[in-house]
Amino acid sequence: MNVLGIETSCDETGIAVYAGGRGLLAHRVYSQTDIHLEYGGVVPELASRDHIRKTLPLIRGVLAEAALGSSDIDGIAYTSGPGLVGALLVGAAIGRTLAWAWGVPAVGVHHMEGHLLAPLLEREVPEFPFVALLVSGGHTQLVAVEGVGRYRLLGESLDDAAGEAFDKTAKLMGLPYPGGPELAKLAEKGDPGRFRFPRPMTDRPGLDFSFSGLKTFALNTLNSELKRVRGVEAVARLKADIARAFEDAVVDTLVIKCRRAVRESGSRRLILAGGVSANRRLRERISVAMESEGGRAYYPRPELCTDNGAMIAFAGWQRLKAGQSEPLKFGVRPRWPMEELPGV
């Protein structure tokens, strides 16, 4: 079964084809970073309009790269939530229309299920059950995974997600959009011993997260220290050291919670997925932590950490081969708890 995947939940247009038994045949991602750069964040209306312009040309390109025609496609998967409602509607409308025109089934895919299943696109994949840490701009969740569609939420962020906290802190520090990767890049130059930020909610039981206060702590530290330092170089070093302290605090918090999750679940397999999972320091620390727990961590390749069509095509393939599909009338769900998904 050849499945065309369409991802338009936010500011990346991702298209891919996944084939059962052959794997990922082709995928392309177009980023809208340049469009939103001057606004310092994603403008939903501009995102929707650009998806309209880019989705069909990308589909043509991916099909050509995979050496397939429309008659070779057996099903279509599109992201139907969570995400920006206008952006989601673009992908859903195009996906459902093409499915009707080509006479194939279509299925709406949960964006975070796509991220969760992305590590299964790699050569070495974890066996079920496992624990998943999903870290992206909009979500930070720990999930017990028994199988496709069989998910149990263990903990989540009560305010800012980890990626959101990265982005907001970067903006407060005057870093350019997109802030998260810029802050991580700046942290590489920072002194890990100059500041120590709190590790929120690690001094109490539970697996929930809270990063909003950490963002405020970083801002207060910056404002306080700026009164003491002089000169361009000194300010640059200060910002790098604050970026490092912030990143270390987020990473440590995630690692502590992951340790708790694998111990409580009894599983020694952990997957890390979502945009923040591309962070080098987080990957290193999670790998070491899982080895010390007698287990192993699994990750998607960096290009499949951010939003992409490959994860949607693969998640859609899982559901289409199980006989699940959407009726001709479709909708999107900007807010959609993953626990509501049916099993496969």
# chains A, B, ... in the order shown; residues from 1 in each chain; ligands from 1
$ residues_around --residues "Lys239 (chain A)" --least-positions-apart "3" --cutoff "9 Å" --atoms "only C-alpha atoms" --output "ChimeraX atom specification"
/A:173,186-187,190,222,234-236,242-244
$ write_last_selection --atoms "C-alpha atoms" --output "CSV table (one decimal), in the first residue's frame"
chain,number,residue,atom,x,y,z
A,173,MET,CA,16.8,37.6,25.2
A,186,LEU,CA,24.0,30.1,21.7
A,187,ALA,CA,24.1,27.6,24.7
A,190,GLY,CA,28.0,29.2,27.4
A,222,LEU,CA,19.3,38.6,32.5
A,234,ALA,CA,30.6,40.9,28.3
A,235,VAL,CA,26.9,41.1,27.4
A,236,ALA,CA,27.3,38.4,24.7
A,242,ILE,CA,22.1,32.2,30.6
A,243,ALA,CA,21.2,30.2,27.5
A,244,ARG,CA,23.4,27.3,28.7
$ closest_residue --among "A:Phe195, A:Leu153, A:Gly343, A:Glu146" --to "Pro126 (chain A)" --atoms "only C-alpha atoms"
A:Glu146
$ residues_around --residues "Arg259 (chain A)" --least-positions-apart "4" --cutoff "10 Å" --atoms "only C-alpha atoms" --output "mmCIF file with all heavy atoms, in the first residue's frame"
data_model
loop_
_atom_site.group_PDB
_atom_site.id
_atom_site.type_symbol
_atom_site.label_atom_id
_atom_site.label_comp_id
_atom_site.auth_asym_id
_atom_site.auth_seq_id
_atom_site.Cartn_x
_atom_site.Cartn_y
_atom_site.Cartn_z
ATOM 1 N N LEU A 207 4.722 13.212 37.159
ATOM 2 C CA LEU A 207 5.381 13.269 35.862
ATOM 3 C C LEU A 207 4.945 14.467 35.018
ATOM 4 O O LEU A 207 5.210 14.515 33.827
ATOM 5 C CB LEU A 207 5.106 11.961 35.089
ATOM 6 C CG LEU A 207 5.697 10.696 35.721
ATOM 7 C CD1 LEU A 207 5.192 9.444 35.014
ATOM 8 C CD2 LEU A 207 7.226 10.737 35.701
ATOM 9 N N LEU A 254 13.708 17.138 31.982
ATOM 10 C CA LEU A 254 13.174 16.088 31.108
ATOM 11 C C LEU A 254 13.794 14.732 31.433
ATOM 12 O O LEU A 254 13.101 13.709 31.452
ATOM 13 C CB LEU A 254 13.429 16.455 29.640
ATOM 14 C CG LEU A 254 12.669 17.680 29.113
ATOM 15 C CD1 LEU A 254 13.159 18.038 27.709
ATOM 16 C CD2 LEU A 254 11.169 17.436 29.102
ATOM 17 N N VAL A 255 15.093 14.720 31.694
ATOM 18 C CA VAL A 255 15.776 13.454 32.006
ATOM 19 C C VAL A 255 15.261 12.879 33.313
ATOM 20 O O VAL A 255 14.987 11.672 33.416
ATOM 21 C CB VAL A 255 17.306 13.676 32.068
ATOM 22 C CG1 VAL A 255 17.997 12.438 32.645
ATOM 23 C CG2 VAL A 255 17.855 13.996 30.684
ATOM 24 N N ARG A 263 10.809 3.825 35.196
ATOM 25 C CA ARG A 263 10.771 3.023 36.416
ATOM 26 C C ARG A 263 9.336 2.657 36.794
ATOM 27 O O ARG A 263 9.042 1.521 37.171
ATOM 28 C CB ARG A 263 11.437 3.772 37.562
ATOM 29 C CG ARG A 263 12.944 3.894 37.426
ATOM 30 C CD ARG A 263 13.538 4.830 38.465
ATOM 31 N NE ARG A 263 14.983 4.995 38.294
ATOM 32 C CZ ARG A 263 15.717 5.859 38.975
ATOM 33 N NH1 ARG A 263 15.141 6.649 39.879
ATOM 34 N NH2 ARG A 263 17.019 5.938 38.755
ATOM 35 N N GLU A 264 8.436 3.639 36.693
ATOM 36 C CA GLU A 264 7.041 3.395 37.065
ATOM 37 C C GLU A 264 6.334 2.478 36.068
ATOM 38 O O GLU A 264 5.470 1.696 36.443
ATOM 39 C CB GLU A 264 6.295 4.726 37.183
ATOM 40 C CG GLU A 264 6.745 5.581 38.357
ATOM 41 C CD GLU A 264 5.993 6.895 38.446
ATOM 42 O OE1 GLU A 264 4.936 7.029 37.777
ATOM 43 O OE2 GLU A 264 6.454 7.793 39.185
ATOM 44 N N ARG A 268 11.914 -0.579 29.745
ATOM 45 C CA ARG A 268 13.260 -0.028 29.660
ATOM 46 C C ARG A 268 13.544 0.488 28.253
ATOM 47 O O ARG A 268 14.682 0.645 27.852
ATOM 48 C CB ARG A 268 14.296 -1.101 30.058
ATOM 49 C CG ARG A 268 14.283 -1.426 31.549
ATOM 50 C CD ARG A 268 14.656 -0.210 32.374
ATOM 51 N NE ARG A 268 14.644 -0.470 33.802
ATOM 52 C CZ ARG A 268 13.623 -0.247 34.611
ATOM 53 N NH1 ARG A 268 12.494 0.240 34.112
ATOM 54 N NH2 ARG A 268 13.687 -0.504 35.899
ATOM 55 N N LEU A 270 12.657 3.707 25.695
ATOM 56 C CA LEU A 270 12.138 5.074 25.645
ATOM 57 C C LEU A 270 12.366 5.642 24.261
ATOM 58 O O LEU A 270 13.469 5.521 23.716
ATOM 59 C CB LEU A 270 12.855 5.958 26.679
ATOM 60 C CG LEU A 270 12.491 7.449 26.632
ATOM 61 C CD1 LEU A 270 11.186 7.686 27.386
ATOM 62 C CD2 LEU A 270 13.602 8.310 27.210
ATOM 63 N N ILE A 286 19.725 11.823 27.557
ATOM 64 C CA ILE A 286 18.709 10.765 27.594
ATOM 65 C C ILE A 286 19.360 9.403 27.331
ATOM 66 O O ILE A 286 19.034 8.409 27.985
ATOM 67 C CB ILE A 286 17.598 11.040 26.558
ATOM 68 C CG1 ILE A 286 16.699 12.197 27.017
ATOM 69 C CG2 ILE A 286 16.760 9.785 26.324
ATOM 70 C CD1 ILE A 286 15.771 11.875 28.163
ATOM 71 N N ALA A 289 21.188 8.344 30.437
ATOM 72 C CA ALA A 289 20.233 7.999 31.485
ATOM 73 C C ALA A 289 19.610 6.627 31.239
ATOM 74 O O ALA A 289 19.463 5.825 32.168
ATOM 75 C CB ALA A 289 19.139 9.065 31.575
ATOM 76 N N MET A 290 19.251 6.334 30.000
ATOM 77 C CA MET A 290 18.625 5.040 29.702
ATOM 78 C C MET A 290 19.616 3.895 29.841
ATOM 79 O O MET A 290 19.250 2.795 30.275
ATOM 80 C CB MET A 290 18.021 5.073 28.297
ATOM 81 C CG MET A 290 16.755 5.917 28.193
ATOM 82 S SD MET A 290 15.474 5.439 29.396
ATOM 83 C CE MET A 290 15.190 3.733 28.917
ATOM 84 N N SER A 292 22.011 3.818 32.024
ATOM 85 C CA SER A 292 22.141 3.610 33.465
ATOM 86 C C SER A 292 20.929 2.890 34.044
ATOM 87 O O SER A 292 21.022 2.264 35.100
ATOM 88 C CB SER A 292 22.346 4.944 34.186
ATOM 89 O OG SER A 292 21.165 5.724 34.149
ATOM 90 N N GLU A 293 19.785 2.986 33.336
ATOM 91 C CA GLU A 293 18.572 2.283 33.769
ATOM 92 C C GLU A 293 18.494 0.873 33.187
ATOM 93 O O GLU A 293 17.512 0.158 33.393
ATOM 94 C CB GLU A 293 17.328 3.071 33.339
ATOM 95 C CG GLU A 293 17.168 4.433 33.994
ATOM 96 C CD GLU A 293 16.846 4.338 35.477
ATOM 97 O OE1 GLU A 293 16.268 3.311 35.897
ATOM 98 O OE2 GLU A 293 17.191 5.269 36.219
#
$ closest_residue --among "A:Leu133, A:Ala99, A:Leu172, A:Val62" --to "Ser157 (chain A)" --atoms "only C-alpha atoms"
A:Leu133
$ residues_around --residues "Ser80 (chain A)" --least-positions-apart "4" --cutoff "12 Å" --atoms "only C-alpha atoms" --output "count of residues only"
38
$ residues_around --residues "Asp191 (chain A)" --least-positions-apart "2" --cutoff "6 Å" --atoms "only C-alpha atoms" --output "ChimeraX atom specification"
/A:193-194,241
$ closest_residue --among "A:Thr79, A:Val42, A:Gly103, A:Ala240" --to "Gly174 (chain A)" --atoms "only C-alpha atoms"
A:Ala240
$ decode --residues "region 103-114 of chain A" --atoms "N, CA, C and O atoms" --output "PDB file, in the first residue's frame"
ATOM      1  N   GLY A 103     -10.209   8.036  -6.050  1.00  0.00           N
ATOM      2  CA  GLY A 103     -10.946   6.849  -5.662  1.00  0.00           C
ATOM      3  C   GLY A 103     -10.241   5.986  -4.629  1.00  0.00           C
ATOM      4  O   GLY A 103     -10.306   4.747  -4.685  1.00  0.00           O
ATOM      5  N   VAL A 104      -9.570   6.639  -3.669  1.00  0.00           N
ATOM      6  CA  VAL A 104      -8.855   5.898  -2.626  1.00  0.00           C
ATOM      7  C   VAL A 104      -9.317   6.376  -1.254  1.00  0.00           C
ATOM      8  O   VAL A 104      -9.856   7.477  -1.124  1.00  0.00           O
ATOM      9  N   PRO A 105      -9.127   5.583  -0.216  1.00  0.00           N
ATOM     10  CA  PRO A 105      -9.522   6.012   1.133  1.00  0.00           C
ATOM     11  C   PRO A 105      -8.597   7.084   1.680  1.00  0.00           C
ATOM     12  O   PRO A 105      -7.439   7.194   1.269  1.00  0.00           O
ATOM     13  N   ALA A 106      -9.130   7.869   2.611  1.00  0.00           N
ATOM     14  CA  ALA A 106      -8.342   8.907   3.283  1.00  0.00           C
ATOM     15  C   ALA A 106      -8.537   8.790   4.780  1.00  0.00           C
ATOM     16  O   ALA A 106      -9.585   8.326   5.248  1.00  0.00           O
ATOM     17  N   VAL A 107      -7.535   9.221   5.534  1.00  0.00           N
ATOM     18  CA  VAL A 107      -7.635   9.169   6.994  1.00  0.00           C
ATOM     19  C   VAL A 107      -6.977  10.414   7.584  1.00  0.00           C
ATOM     20  O   VAL A 107      -5.919  10.850   7.115  1.00  0.00           O
ATOM     21  N   GLY A 108      -7.631  10.995   8.587  1.00  0.00           N
ATOM     22  CA  GLY A 108      -7.053  12.104   9.323  1.00  0.00           C
ATOM     23  C   GLY A 108      -6.146  11.589  10.414  1.00  0.00           C
ATOM     24  O   GLY A 108      -6.527  10.691  11.175  1.00  0.00           O
ATOM     25  N   VAL A 109      -4.949  12.142  10.512  1.00  0.00           N
ATOM     26  CA  VAL A 109      -3.929  11.652  11.444  1.00  0.00           C
ATOM     27  C   VAL A 109      -3.723  12.670  12.565  1.00  0.00           C
ATOM     28  O   VAL A 109      -3.740  13.887  12.334  1.00  0.00           O
ATOM     29  N   HIS A 110      -3.532  12.155  13.762  1.00  0.00           N
ATOM     30  CA  HIS A 110      -3.185  12.994  14.909  1.00  0.00           C
ATOM     31  C   HIS A 110      -1.717  13.385  14.792  1.00  0.00           C
ATOM     32  O   HIS A 110      -0.835  12.522  14.664  1.00  0.00           O
ATOM     33  N   HIS A 111      -1.455  14.696  14.835  1.00  0.00           N
ATOM     34  CA  HIS A 111      -0.095  15.207  14.638  1.00  0.00           C
ATOM     35  C   HIS A 111       0.904  14.585  15.616  1.00  0.00           C
ATOM     36  O   HIS A 111       2.014  14.190  15.220  1.00  0.00           O
ATOM     37  N   MET A 112       0.520  14.489  16.892  1.00  0.00           N
ATOM     38  CA  MET A 112       1.466  13.964  17.881  1.00  0.00           C
ATOM     39  C   MET A 112       1.636  12.450  17.756  1.00  0.00           C
ATOM     40  O   MET A 112       2.687  11.919  18.102  1.00  0.00           O
ATOM     41  N   GLU A 113       0.616  11.748  17.263  1.00  0.00           N
ATOM     42  CA  GLU A 113       0.820  10.324  16.981  1.00  0.00           C
ATOM     43  C   GLU A 113       1.845  10.170  15.867  1.00  0.00           C
ATOM     44  O   GLU A 113       2.662   9.240  15.883  1.00  0.00           O
ATOM     45  N   GLY A 114       1.815  11.087  14.895  1.00  0.00           N
ATOM     46  CA  GLY A 114       2.839  11.055  13.856  1.00  0.00           C
ATOM     47  C   GLY A 114       4.230  11.179  14.442  1.00  0.00           C
ATOM     48  O   GLY A 114       5.133  10.397  14.107  1.00  0.00           O
TER      49      GLY A 114
END
